[in-house]
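Asker: File structure-v2.txt below, compact mmCIF, C-alpha atoms:
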```
# COMPACT_ATOMS: atom_id res chain seq x y z
CA MET T 1 -113.62 12.06 -9.94
CA SER T 2 -116.97 12.27 -8.13
CA GLY T 3 -116.69 8.62 -7.14
CA LEU T 4 -113.05 8.79 -6.11
CA PHE T 5 -113.38 8.38 -2.35
CA GLU T 6 -115.65 5.36 -1.96
CA VAL T 7 -113.40 3.02 0.05
CA PRO T 8 -114.84 2.38 3.56
CA TRP T 9 -111.68 3.56 5.32
CA SER T 10 -113.19 3.13 8.77
CA ASP T 11 -113.22 -0.62 8.17
CA TYR T 12 -109.51 -0.63 7.32
CA ARG T 13 -108.31 1.88 9.93
CA PRO T 14 -107.04 -0.75 12.43
CA ASP T 15 -105.13 -2.56 9.70
CA LEU T 16 -103.58 0.69 8.45
CA ILE T 17 -102.54 1.68 11.98
CA SER T 18 -100.96 -1.74 12.47
CA ALA T 19 -99.17 -1.44 9.11
CA LEU T 20 -97.95 2.04 10.05
CA GLY T 21 -96.48 0.67 13.28
CA ARG T 22 -94.83 -2.10 11.31
CA THR T 23 -93.27 0.43 8.93
CA VAL T 24 -91.90 2.46 11.83
CA SER T 25 -90.53 -0.72 13.42
CA TYR T 26 -88.71 -1.68 10.22
CA THR T 27 -87.27 1.83 10.02
CA VAL T 28 -86.05 2.08 13.61
CA VAL T 29 -84.53 -1.40 13.79
CA SER T 30 -82.95 -1.25 10.34
CA PHE T 31 -81.50 2.23 10.74
CA SER T 32 -80.03 1.41 14.16
CA GLY T 33 -78.36 -1.70 12.76
CA ALA T 34 -77.15 0.16 9.66
CA VAL T 35 -75.54 2.89 11.77
CA PHE T 36 -73.57 0.43 13.90
CA LEU T 37 -72.54 -1.74 10.95
CA GLY T 38 -71.72 1.31 8.83
CA LEU T 39 -69.50 2.75 11.56
CA ALA T 40 -67.69 -0.60 11.93
CA VAL T 41 -67.11 -0.80 8.17
CA ALA T 42 -65.89 2.81 8.11
CA LEU T 43 -63.35 2.05 10.84
CA LEU T 44 -62.16 -0.98 8.86
CA ARG T 45 -61.74 1.23 5.79
CA LEU T 46 -59.52 3.52 7.87
CA SER T 47 -57.58 0.67 9.47
CA ARG T 48 -53.83 0.37 9.04
CA ALA T 49 -54.17 -3.33 8.18
CA TRP T 50 -54.69 -3.74 4.44
CA PRO T 51 -56.74 -6.99 4.72
CA ALA T 52 -59.30 -5.12 6.84
CA ARG T 53 -59.38 -2.24 4.36
CA ALA T 54 -59.77 -4.63 1.45
CA LEU T 55 -62.60 -6.56 3.11
CA ALA T 56 -64.47 -3.37 3.97
CA ALA T 57 -63.95 -1.99 0.45
CA VAL T 58 -65.35 -5.17 -1.13
CA TYR T 59 -68.40 -5.06 1.15
CA THR T 60 -69.04 -1.40 0.38
CA GLU T 61 -68.70 -1.76 -3.38
CA VAL T 62 -70.84 -4.91 -3.56
CA PHE T 63 -73.82 -3.53 -1.65
CA LYS T 64 -73.59 -0.09 -3.24
CA ASN T 65 -73.90 -1.63 -6.70
CA VAL T 66 -76.62 -4.24 -6.08
CA PRO T 67 -80.29 -3.13 -6.09
CA LEU T 68 -82.08 -3.26 -2.76
CA LEU T 69 -84.85 -5.37 -4.28
CA ALA T 70 -82.29 -8.03 -5.28
CA ILE T 71 -80.92 -8.05 -1.73
CA ILE T 72 -84.43 -8.51 -0.33
CA PHE T 73 -85.03 -11.49 -2.63
CA LEU T 74 -81.65 -13.01 -1.80
CA THR T 75 -82.23 -12.63 1.94
CA TYR T 76 -85.77 -13.98 2.03
CA PHE T 77 -85.98 -16.46 -0.87
CA GLY T 78 -82.32 -17.19 -1.56
CA LEU T 79 -81.33 -18.05 2.00
CA ALA T 80 -84.48 -20.16 2.38
CA SER T 81 -83.47 -22.27 -0.62
CA ALA T 82 -80.09 -22.80 1.08
CA GLY T 83 -81.78 -24.03 4.27
CA ILE T 84 -81.60 -20.74 6.21
CA ARG T 85 -85.19 -19.67 6.85
CA LEU T 86 -85.76 -16.17 8.23
CA ASP T 87 -89.09 -14.69 9.18
CA VAL T 88 -90.29 -11.70 7.18
CA PHE T 89 -89.35 -9.10 9.78
CA THR T 90 -85.81 -10.43 10.25
CA ALA T 91 -85.23 -10.81 6.51
CA GLY T 92 -86.58 -7.33 5.80
CA CYS T 93 -84.50 -5.66 8.50
CA LEU T 94 -81.36 -7.58 7.51
CA SER T 95 -81.77 -6.52 3.88
CA LEU T 96 -82.14 -2.86 4.81
CA VAL T 97 -79.25 -3.02 7.28
CA VAL T 98 -76.65 -4.48 4.90
CA PHE T 99 -77.76 -2.19 2.06
CA TYR T 100 -77.77 1.12 3.93
CA ALA T 101 -74.69 0.27 6.02
CA ALA T 102 -72.65 0.43 2.80
CA TYR T 103 -73.74 4.01 2.15
CA LEU T 104 -73.48 5.08 5.77
CA SER T 105 -69.95 3.66 5.96
CA GLU T 106 -68.90 6.03 3.18
CA ILE T 107 -70.53 8.95 4.97
CA PHE T 108 -68.84 8.06 8.26
CA ARG T 109 -65.47 7.44 6.59
CA ALA T 110 -65.55 10.85 4.92
CA ALA T 111 -66.60 12.51 8.19
CA ILE T 112 -63.84 10.86 10.24
CA SER T 113 -61.27 11.72 7.57
CA GLY T 114 -62.57 15.29 7.59
CA VAL T 115 -61.52 15.87 11.20
CA HIS T 116 -58.25 17.80 11.12
CA ALA T 117 -55.16 15.75 11.98
CA GLY T 118 -54.14 18.45 14.44
CA GLN T 119 -56.97 17.34 16.71
CA THR T 120 -55.41 13.91 17.04
CA GLU T 121 -51.96 15.38 17.54
CA ALA T 122 -53.28 17.64 20.29
CA GLY T 123 -54.80 14.64 22.06
CA GLU T 124 -51.52 12.74 21.81
CA ALA T 125 -49.66 15.74 23.21
CA LEU T 126 -51.99 15.70 26.22
CA GLY T 127 -51.26 12.01 26.79
CA VAL T 128 -54.68 10.73 25.72
CA GLY T 129 -54.72 7.17 24.38
CA ARG T 130 -55.88 6.23 20.89
CA THR T 131 -59.26 5.02 22.14
CA GLY T 132 -59.80 8.17 24.16
CA ILE T 133 -58.79 10.38 21.24
CA PHE T 134 -61.27 8.68 18.95
CA ARG T 135 -64.08 8.59 21.51
CA HIS T 136 -63.78 12.08 22.98
CA ILE T 137 -62.14 14.12 20.19
CA VAL T 138 -62.59 12.61 16.73
CA LEU T 139 -66.00 10.92 16.98
CA PRO T 140 -68.00 13.93 18.29
CA GLN T 141 -66.66 16.12 15.49
CA ALA T 142 -67.16 13.39 12.88
CA LEU T 143 -70.78 12.90 13.93
CA ARG T 144 -71.48 16.57 13.33
CA LEU T 145 -69.95 16.31 9.84
CA ALA T 146 -71.87 13.12 9.07
CA LEU T 147 -75.24 14.38 10.26
CA PRO T 148 -76.61 15.79 6.95
CA GLY T 149 -75.87 12.64 4.96
CA THR T 150 -77.08 10.38 7.75
CA ASN T 151 -80.37 12.25 7.98
CA THR T 152 -80.89 11.82 4.24
CA MET T 153 -80.29 8.08 4.54
CA LEU T 154 -82.86 7.82 7.36
CA VAL T 155 -85.62 9.38 5.28
CA ASP T 156 -84.62 7.28 2.26
CA LEU T 157 -84.67 4.11 4.36
CA LEU T 158 -88.18 4.93 5.59
CA LYS T 159 -89.39 5.21 2.00
CA SER T 160 -87.52 2.05 0.98
CA THR T 161 -89.52 -0.05 3.46
CA SER T 162 -92.22 0.05 0.77
CA LEU T 163 -90.12 -2.41 -1.27
CA LEU T 164 -90.80 -5.03 1.36
CA VAL T 165 -94.24 -5.37 -0.20
CA THR T 166 -92.56 -7.95 -2.45
CA VAL T 167 -92.26 -10.34 0.52
CA SER T 168 -95.62 -9.40 2.10
CA ALA T 169 -94.03 -7.69 5.08
CA ALA T 170 -97.35 -6.29 6.38
CA GLU T 171 -96.12 -2.68 6.17
CA LEU T 172 -98.03 0.20 4.60
CA MET T 173 -97.58 -0.75 0.96
CA SER T 174 -98.51 -4.38 1.65
CA GLU T 175 -101.67 -3.24 3.41
CA GLY T 176 -102.45 -0.96 0.48
CA ARG T 177 -102.16 -3.89 -1.89
CA LEU T 178 -104.57 -5.94 0.25
CA ILE T 179 -107.09 -3.09 0.36
CA THR T 180 -106.79 -2.69 -3.42
CA SER T 181 -107.46 -6.39 -3.92
CA ALA T 182 -110.58 -6.15 -1.77
CA THR T 183 -112.00 -2.90 -3.16
CA PHE T 184 -110.56 -2.63 -6.69
CA ARG T 185 -109.97 1.10 -5.99
CA ALA T 186 -106.27 1.28 -6.81
CA LEU T 187 -106.08 5.03 -7.46
CA GLU T 188 -107.79 5.99 -4.23
CA VAL T 189 -105.94 3.45 -2.11
CA TYR T 190 -102.46 4.30 -3.35
CA LEU T 191 -103.17 8.03 -3.11
CA VAL T 192 -103.97 7.55 0.57
CA VAL T 193 -100.91 5.35 1.11
CA ALA T 194 -98.72 7.96 -0.61
CA ALA T 195 -100.24 10.66 1.61
CA ILE T 196 -99.39 8.61 4.71
CA TYR T 197 -95.78 8.25 3.56
CA PHE T 198 -95.62 12.00 2.96
CA ALA T 199 -97.08 12.65 6.42
CA LEU T 200 -94.29 10.49 7.85
CA CYS T 201 -91.34 11.67 5.77
CA TYR T 202 -91.91 15.41 5.53
CA PRO T 203 -92.12 16.16 9.28
CA LEU T 204 -89.21 13.81 9.89
CA SER T 205 -87.06 15.59 7.30
CA GLN T 206 -87.93 18.99 8.79
CA LEU T 207 -87.08 17.82 12.31
CA LEU T 208 -83.76 16.48 11.08
CA LEU T 209 -83.09 19.77 9.29
CA LEU T 210 -83.77 21.62 12.55
CA LEU T 211 -81.35 19.27 14.30
CA GLU T 212 -78.69 20.03 11.69
CA ARG T 213 -79.12 23.76 12.27
CA LYS T 214 -78.79 23.36 16.02
CA VAL T 215 -75.64 21.28 15.61
CA ARG T 216 -74.20 23.79 13.13
CA SER T 217 -74.81 26.60 15.62
CA GLY T 218 -72.84 24.74 18.28
CA VAL T 219 -75.70 23.63 20.53
CA PRO T 220 -74.58 20.57 22.58
CA LEU T 221 -76.87 17.60 22.02
CA SER T 222 -76.14 15.24 24.91
CA PRO T 223 -77.18 16.06 28.51
CA TRP T 224 -73.60 15.38 29.66
CA ARG T 225 -72.19 18.01 27.31
CA ARG T 226 -74.89 20.51 28.25
CA ARG T 227 -73.98 20.10 31.92
CA ARG T 228 -70.30 20.59 31.10
CA LEU T 229 -71.11 23.74 29.13
CA ARG T 230 -73.22 25.18 31.96
CA ALA T 231 -70.45 24.40 34.47
CA ALA T 232 -67.86 26.09 32.24
CA ARG T 233 -70.02 29.19 31.85
CA ALA T 234 -70.63 29.36 35.60
CA LEU T 235 -66.89 29.07 36.24
CA LEU T 236 -66.09 31.84 33.77
CA ALA T 237 -68.78 34.07 35.30
CA ALA T 238 -67.43 33.49 38.81
CA GLU T 239 -63.82 34.36 37.96
CA PRO T 240 -64.23 38.19 37.80
CA ALA T 241 -66.13 38.23 41.07
CA ALA T 242 -63.44 36.12 42.74
CA ALA T 243 -60.62 38.41 41.62
CA VAL T 244 -59.21 40.51 44.52
CA PRO T 245 -58.34 44.13 43.60
CA VAL T 246 -54.73 45.07 44.26
CA LYS T 247 -54.32 48.22 46.44
CA GLU T 248 -51.61 50.72 45.60
CA VAL T 249 -48.87 50.89 48.20
CA SER T 250 -47.47 54.38 48.80
CA ALA T 251 -43.75 54.76 49.04
```
Starting from the file, lay out its structure as structure tokens.

Answerer:
Amino acid sequence: MSGLFEVPWSDYRPDLISALGRTVSYTVVSFSGAVFLGLAVALLRLSRAWPARALAAVYTEVFKNVPLLAIIFLTYFGLASAGIRLDVFTAGCLSLVVFYAAYLSEIFRAAISGVHAGQTEAGEALGVGRTGIFRHIVLPQALRLALPGTNTMLVDLLKSTSLLVTVSAAELMSEGRLITSATFRALEVYLVVAAIYFALCYPLSQLLLLLERKVRSGVPLSPWRRRRLRAARALLAAEPAAAVPVKEVSA
């Protein structure tokens, strides 16, 4: 153990920083795409048209039951053999998007279904259209219900970027493999790479947990909703002061 830390890390610092940025880029782009695709699939699962429901169900079941590594190989090597050549970044992001969208669609579907039907009925009674009901009534409540599962998927997606080492995606694990090939210090190198992943995932998971607690306590997240809440509180505070006392009239 005395000779454990002998890798000249100062020589590899720029490459590790670049690989770290690449990992974050894969995470941000892939998670954004997975959220939008997952929401679209969830809405198809809840559609009244059975062909849309069937198509979304097939997509969900296929990608939930195929390993992510197989999807990465199909996207990068399989499509290339069919004449569709994607660069590493596009293939990696596409693989993560289609895989995690299947899981997120189930989370979103359960969250939307979890909103009480009386909320929709109340919107209809007020004359709000279907789009307005979904946008202003159902979706905000569904997002709060879906937040815990979505946060878990984000952290899991960040860790799953390490599988892109199989296509030399230049992320952290790929850089670790290159450093290992140059130094033959596999234990030290992969310990450091694992520590970097922990330094990324643990603070992120704690921040997301804090966000969940704030949402659970009813704190509005968007600036628009915070302004509406402040305006409502100011209006309620001004009502007692605006009330005019009624004087008794003697007979």

Asker: As a PDB file with C-alpha atoms, keeping the file's coordinate frame, please: the residues near region 71-74 of chain T (cut-off 12 Å, only C-alpha atoms, same-chain neighbours under 6 positions excluded).

Answerer:
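This went into part_34.pdb:
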```pdb
ATOM      1  CA  VAL T  62     -70.840  -4.910  -3.560  1.00  0.00           C
ATOM      2  CA  PHE T  63     -73.820  -3.530  -1.650  1.00  0.00           C
ATOM      3  CA  LYS T  64     -73.590  -0.090  -3.240  1.00  0.00           C
ATOM      4  CA  ASN T  65     -73.900  -1.630  -6.700  1.00  0.00           C
ATOM      5  CA  ALA T  80     -84.480 -20.160   2.380  1.00  0.00           C
ATOM      6  CA  SER T  81     -83.470 -22.270  -0.620  1.00  0.00           C
ATOM      7  CA  ALA T  82     -80.090 -22.800   1.080  1.00  0.00           C
ATOM      8  CA  ILE T  84     -81.600 -20.740   6.210  1.00  0.00           C
ATOM      9  CA  ARG T  85     -85.190 -19.670   6.850  1.00  0.00           C
ATOM     10  CA  LEU T  86     -85.760 -16.170   8.230  1.00  0.00           C
ATOM     11  CA  VAL T  88     -90.290 -11.700   7.180  1.00  0.00           C
ATOM     12  CA  PHE T  89     -89.350  -9.100   9.780  1.00  0.00           C
ATOM     13  CA  THR T  90     -85.810 -10.430  10.250  1.00  0.00           C
ATOM     14  CA  ALA T  91     -85.230 -10.810   6.510  1.00  0.00           C
ATOM     15  CA  GLY T  92     -86.580  -7.330   5.800  1.00  0.00           C
ATOM     16  CA  CYS T  93     -84.500  -5.660   8.500  1.00  0.00           C
ATOM     17  CA  LEU T  94     -81.360  -7.580   7.510  1.00  0.00           C
ATOM     18  CA  SER T  95     -81.770  -6.520   3.880  1.00  0.00           C
ATOM     19  CA  LEU T  96     -82.140  -2.860   4.810  1.00  0.00           C
ATOM     20  CA  VAL T  97     -79.250  -3.020   7.280  1.00  0.00           C
ATOM     21  CA  VAL T  98     -76.650  -4.480   4.900  1.00  0.00           C
ATOM     22  CA  PHE T  99     -77.760  -2.190   2.060  1.00  0.00           C
ATOM     23  CA  TYR T 100     -77.770   1.120   3.930  1.00  0.00           C
ATOM     24  CA  SER T 160     -87.520   2.050   0.980  1.00  0.00           C
ATOM     25  CA  THR T 161     -89.520  -0.050   3.460  1.00  0.00           C
ATOM     26  CA  SER T 162     -92.220   0.050   0.770  1.00  0.00           C
ATOM     27  CA  LEU T 163     -90.120  -2.410  -1.270  1.00  0.00           C
ATOM     28  CA  LEU T 164     -90.800  -5.030   1.360  1.00  0.00           C
ATOM     29  CA  VAL T 165     -94.240  -5.370  -0.200  1.00  0.00           C
ATOM     30  CA  THR T 166     -92.560  -7.950  -2.450  1.00  0.00           C
ATOM     31  CA  VAL T 167     -92.260 -10.340   0.520  1.00  0.00           C
ATOM     32  CA  SER T 168     -95.620  -9.400   2.100  1.00  0.00           C
ATOM     33  CA  ALA T 169     -94.030  -7.690   5.080  1.00  0.00           C
TER      34      ALA T 169
END
```

Asker: Show me, as an MDAnalysis selection string, the residues that have an atom within 12 Å of Arg130 (chain T) when counting only C-alpha atoms, minus same-chain residues fewer than 5 positions from it.

Answerer: chainID T and resid 119:125 135:139

Asker: Per residue of region 24-128 of chain T within 8 Å of region 141-146 of chain T, which atom pair is closest and at what distance in Å (one decimal), using all atoms listed in the file, listed by chain and increasing number, as CSV?

Answerer:
```
residue,atom,partner,partner_atom,distance
T:Ile107,CA,T:Ala146,CA,6.0
T:Phe108,CA,T:Ala146,CA,6.0
T:Ala110,CA,T:Ala146,CA,7.9
T:Ala111,CA,T:Ala142,CA,4.8
T:Ile112,CA,T:Ala142,CA,4.9
T:Gly114,CA,T:Ala142,CA,7.3
T:Val115,CA,T:Ala142,CA,6.4
```

Asker: For each of T:Phe77, T:Ser113, T:Gly83, T:Leu154, take the minimum atom-to-atom distance to Val28 (chain T), counting only C-alpha atoms, then give the residue where this is smallest.

Answerer: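 For Val28 (chain T), the nearest of the candidates is T:Leu154.
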
Asker: Rounded to one decimal place, report the CA of Arg233 (chain T)-CA of Phe134 (chain T) distance in Å.

Answerer: 25.8 Å

Asker: Report as a PDB file with C-alpha atoms, keeping the file's coordinate frame all protein, DNA and RNA residues lying within 12 Å of Gly218 (chain T), evaluated on only C-alpha atoms, omitting residues in the same chain fewer than 3 positions from it.

Answerer:
```
ATOM      1  CA  PRO T 140     -68.000  13.930  18.290  1.00  0.00           C
ATOM      2  CA  GLN T 141     -66.660  16.120  15.490  1.00  0.00           C
ATOM      3  CA  ARG T 144     -71.480  16.570  13.330  1.00  0.00           C
ATOM      4  CA  LEU T 211     -81.350  19.270  14.300  1.00  0.00           C
ATOM      5  CA  GLU T 212     -78.690  20.030  11.690  1.00  0.00           C
ATOM      6  CA  ARG T 213     -79.120  23.760  12.270  1.00  0.00           C
ATOM      7  CA  LYS T 214     -78.790  23.360  16.020  1.00  0.00           C
ATOM      8  CA  VAL T 215     -75.640  21.280  15.610  1.00  0.00           C
ATOM      9  CA  LEU T 221     -76.870  17.600  22.020  1.00  0.00           C
ATOM     10  CA  ARG T 225     -72.190  18.010  27.310  1.00  0.00           C
ATOM     11  CA  ARG T 226     -74.890  20.510  28.250  1.00  0.00           C
ATOM     12  CA  LEU T 229     -71.110  23.740  29.130  1.00  0.00           C
TER      13      LEU T 229
END
```

Asker: Measuring between only C-alpha atoms, which one of T:Ser30, T:Thr183, T:Ser174, T:Ser205 shows the shortest distance to Ser18 (chain T)?

Answerer: T:Ser174

Asker: Go through T:Asp156, T:Glu6, T:Glu106, T:Asp11 and flag the residue nearest Leu39 (chain T), using only C-alpha atoms for the distances.

Answerer: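 Checking each candidate against Leu39 (chain T), we get T:Glu106 as the closest.
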
Asker: Provide the CA of Lys159 (chain T) to CA of Leu68 (chain T) distance in Å, to one decimal place.

Answerer: 12.2 Å

Asker: When you draw a straight line from CA of Ala34 (chain T) to CA of Pro67 (chain T), how long is it in Å?

Answerer: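 CA of Pro67 (chain T) lies at a distance of 16.4 Å from CA of Ala34 (chain T).
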
Asker: Rank T:Ile17, T:Ala42, T:Leu235, T:Val24 by their smallest atom-to-atom distance to Val155 (chain T), using only C-alpha atoms, and report the top residue only.

Answerer: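 Counting only C-alpha atoms, the residue closest to Val155 (chain T) is T:Val24.
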
Asker: Just want the 12 Å neighbourhood of Asp15 (chain T), counted on all atoms listed in the file, with same-chain residues fewer than 2 positions away dropped. Output as number ranges by chain.

Answerer: T: 9-13, 17-22, 170-176, 178-179
